[in-house]
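Some notes on the structure that comes next.
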Amino acid sequence: MNHLTLILFERLGLILVIAFVLTRTRGFRTLLEREFSKKMTLVHACVFGFFGIAGTITGVVLEGGTVAARDFVWTPVSDGRMVVSSSLVATVIAGLLGGPLVGLGAGIIAGVHLFFLGGIGFIANSLVNPLTGLLAGWTARFFSNERVISPMKALFIGVFPPVLHMHMLLIAEPNSDDMIATVNTIGLPLVLSNSISIAIFTAMIGIVLREQEHEAAQATRRALTIAEEALPFLRKDSSHEMAAGIADLLYDRLKPAAVAVTNEHEVLAHRGMGGDHHKEGDSVLTSLSVQAIETRQMQMAYSRSEIQCRYENCPFEAAIIIPIMDKHESTGLIKFYFQKAQHIRPVELMLAQGLGELISNQLNTIATEKLKTHIRDAELRNLQAQINPHFLFNTLHLIAALFRKDPEKARQITVHLAHYMRFNIGLVSSSLVQLEKECQHVKAYIEIIRTRFSSRLTIQFSGPDELSQISIPPSTIQPLVENSVQHGLENVTDGGEVNVTMTKADNNILISVRDNGTGFPDDVLDDAGYTPLAKTNNGGAGLYNVNQRLINLLGESSRLHIRNLPDRGSEVYFTIPYND
Amino acid sequence: MFATSWVQIVKTVVLMSGTFLLALIVFSGFDWNAAELVAQVKTGTPLDEQFFLPGNLYNEPLESLSLHLALILGTAGLPHILIRFFTVQNTREVRKSLLTASWIIGSFYIIALVLGLGTVALIGYQELVSLDPTGNLAAPLLAEELGGDFLMAFIAAIAFTTIIAVVAGLVISATTAFSHDVYFHILKKGQVTEKTQLRAAQWTAFVVGLISTLFAIGLENINVTFLVSLTFIVAASSNLPVLLFTIYWKRFNEVGVMTGMISGLVASLTLLLLGPHIMNPEGGWIPHEPVIPLANPGIIAIPIGFLGAFLGSILTQRSAQATTEFRQFYLKAQTGIETREDRP
């Protein structure tokens, strides 16, 4: 019996080595991914069935209680001999890993092979395989919910199939002392060798799966770290700076051949090879890029023709293009270039896609944060304006001065002031109000200003009659008027004019505030609205606040346009969309 | 109870499959012909034809009836079986599991029958008795005869697993009964920590194990079936009346429970003491003619238990609360539906 045990262990060791080598190959590892389809079940059953056949071939032939030949079992055996096969190992593993159907399939394949080999007890030998596969599959489901059963449990389960095998041999040939002697000889060696092999094989498969999980975990960690490091760059307002920072980061961490960051029209930054002909400012023209922007999905190029670079010696042969999305539109692309198509592995694809989504999400979050900050600023400003000492003093002075001269006017101004302040309190917290209300707000302000500066300037307000369905962020027009009065007309002693006009076009409304004052200084003109100017008074901050709120709530198309008029003065205008 | 459950699951699977396969081997040996098996049995036993006719163990019909009564009713009253119901989620699952268990037990009895017949047929009564007068070794001997050392080793392993599973169940029920009911509620009035309770449970397990081991050594030479039937009589006369009355009789009350259990227990123990197992002129503990000649006094003890429970309730006050409680309880027991007052 010892002799037999040793031989069985040797042979099984051989199979385990082959199995281990197989687990190092790519094809076998993909086999272990659990996709439930009929085809995969069949494939798995065949693979394990072949292992079962290998187990039989590396088995031994018994004659009269001793091993007859040490060769592999290739040919059918004669009637006086018996095949001792280790096919149960493969069958049990098939059942444990793949479930009852895979186990049954593998068992049938191994069983049929044993059937044709013949010999003593060949019926029992062949029947026990499908039966074991089925039972192992059912037992595994019952025993544990883990992806792969633990080796100790597999060892325990592996003890019973050889026992079943022995019982079936005895059922097939009862009353035979020879069979009893045979069972005594092969029973214990089979139990030992099979159960231990099953445990070892299960441990091997567990290692492979854990490796795969580690790889996935590593890739995920990398993506998350990159997304975190990208945050400071994403917060920058200037798109060029943001693009440059991101491109640097990605090029450094992921080490592709090159990285390019674009908006919808042009390349904003490029790092890496090919910098001579892939430059900032190039237009985004290639069909894949356009497709990525329109479909909002990742695109891959695996050949030079797909990349469509016009330069002859362009070193890139493959590229991944990911769209970056702001809410639901694409605001730009990140392109990864590679020198060879095989450099793109599934890891890179997953990383690129994950990064695209992460960065889009972060952009969204940052935009929301900024909007909240601006709204808060507007609230604060309005609160200040409510109790703005200068405005209040001046207006109260005005009222006091009018008491005696023109009491009726004084009363009107008081009403306008109350109106103005009430509007400030009530509507500060909503992000959009009806255009009508905003017009009333502006009119109240204008009345006060008109009366105060009646000699120095005139204010005209005109707008369409139909104003009901349109929404606008609150306190957007009034600051523009305030700005014109305080800055444009600061040094104008008389003849100053402020015109507020609202004109309806097809699907938007143009709101424009014009003055004939000194106009904006040139150095301020470019930045006005994009950076808060020095805050000695509210003017500069007001324009910036209004502009940011308009952009964030209604989109880039509604931003403030600031220009100096050709003869004198300035104009600030913006459009808001409306649907009929 | 988690470990106990797993041990018992493994034992059930192994026991059922092992004995089933052994039975298949027995049948296969007789070419799947039951008539041949029966014929062979007749040659293996000194009783010949008489083997298959009633009256071999007990020739008094009263004894036979009493034994069957105890076996049937006692199964429903065994506390260590009842306590296993707590591992199931709800009443519907309990009924399902009970049905499944009954089927499994039923098929096991048939298999055991086949194995017994196989032993007599293949090994013979004389050989069996000479090796072991109590007849306890029937299954291992059959395994050795049919399959040599390997099979006997497997059957021995199964027997060992079964022993462990049963012991685990018994120890768990004994320790919870003592540490939770007696120690926690009665002795300490609910004033101890869980840690102390656990310690009490551990000590109980040790003591229970020690006592049982001593008993087992002393009772080495008695067939185990006899001990089992004793258990059944006690269970049938003290536990079962109380359970049945609780579920079906609305007049039943606390006093009835106490009198029922005490009378059943006392009756069965006394009758056993006065029966031929203990009072045996040759070699029993009390060398005297048995006062009650019934070896299985179930037929006397069980009615005494019922009577005790009945009288205890009838002769004491009825309470209104008990009636409403009964209605709720009856509904829940039959359908599994809880009323609003039931839920804590």
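Numbering starts fresh at 1 for the residues of each chain in the structure tokens, the chains themselves are lettered A, B, ... in the order given, and ligands are numbered from 1 as they appear.
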
I'd like the neighbourhood of Glu348 of chain A as a PDB file with N, CA and C atoms, in the first residue's frame, where a residue qualifies if any of its atoms comes within 9 Å (using only C-alpha atoms), though same-chain residues fewer than 6 positions away should be ignored.
```pdb
ATOM      1  N   ALA A 219      -4.353  49.006 -10.019  1.00  0.00           N
ATOM      2  CA  ALA A 219      -4.757  49.943 -11.063  1.00  0.00           C
ATOM      3  C   ALA A 219      -5.754  50.954 -10.502  1.00  0.00           C
ATOM      4  N   LEU A 254       1.509  58.136 -15.772  1.00  0.00           N
ATOM      5  CA  LEU A 254       1.130  56.966 -16.563  1.00  0.00           C
ATOM      6  C   LEU A 254       2.182  56.612 -17.606  1.00  0.00           C
ATOM      7  N   ILE A 320      -5.482  56.520 -27.204  1.00  0.00           N
ATOM      8  CA  ILE A 320      -6.770  56.414 -26.512  1.00  0.00           C
ATOM      9  C   ILE A 320      -7.274  57.842 -26.338  1.00  0.00           C
TER      10      ILE A 320
END
```

| So which bits of segment 40-159 of chain B end up alpha helix (DSSP H) when you DSSP the backbone, as a ChimeraX atom specification? | /B:40-44,61-75,79-82,91-122,125-131,138-159

| task | Write out as a list in words which residues come within 12 Å of Asp326 of chain A when counting only C-alpha atoms, dropping same-chain ones fewer than 6 positions away. | result | Leu234, Asn263, Glu264, Ile293, Arg296, Gly332, Leu333, Gly356, Glu357, Leu358, Ile359, Ser360, Asn361, Gln362, Leu363, Asn364, Thr365, Ile366, Ala367, Thr368, Asn552, Gly555 and Glu556 of chain A

| request: Restrict the distance test to only C-alpha atoms, flag each residue of chain B within 6 Å of chain A, and return the flagged residues as a count of residues only. | output: 6

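Our summary of the geometry notes that atom CA of Val88 of chain B is positioned 18.1 Å from atom CA of Leu170 of chain B.
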
| Using only C-alpha atoms, which residue out of A:Leu268, A:Ile123, A:Ile108, A:Val102 lies closest to Ser238 of chain A? | A:Leu268

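The shell of residues at most 10 Å from segment 176-178 of chain B, with only C-alpha atoms counted and near chain neighbours (fewer than 3 positions) removed, consists of B:Pro79, B:His80, B:Ile83, B:Val171, B:Ile172, B:Ser173, B:Asp181, B:Val182, B:Tyr183, B:Phe184, B:His185, B:Ile186, B:Gln197, B:Leu198, B:Ala200, B:Ala201, B:Gln202, B:Thr204, B:Ala205.
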
| request: Might you pull out every residue within 12 Å of Ala203 of chain A, with only C-alpha atoms counted and same-chain residues fewer than 3 positions away left off, and present them as a PyMOL selection string? | output: chain A and resi 16+19-20+23+93+97+148-155+196-200+206-210
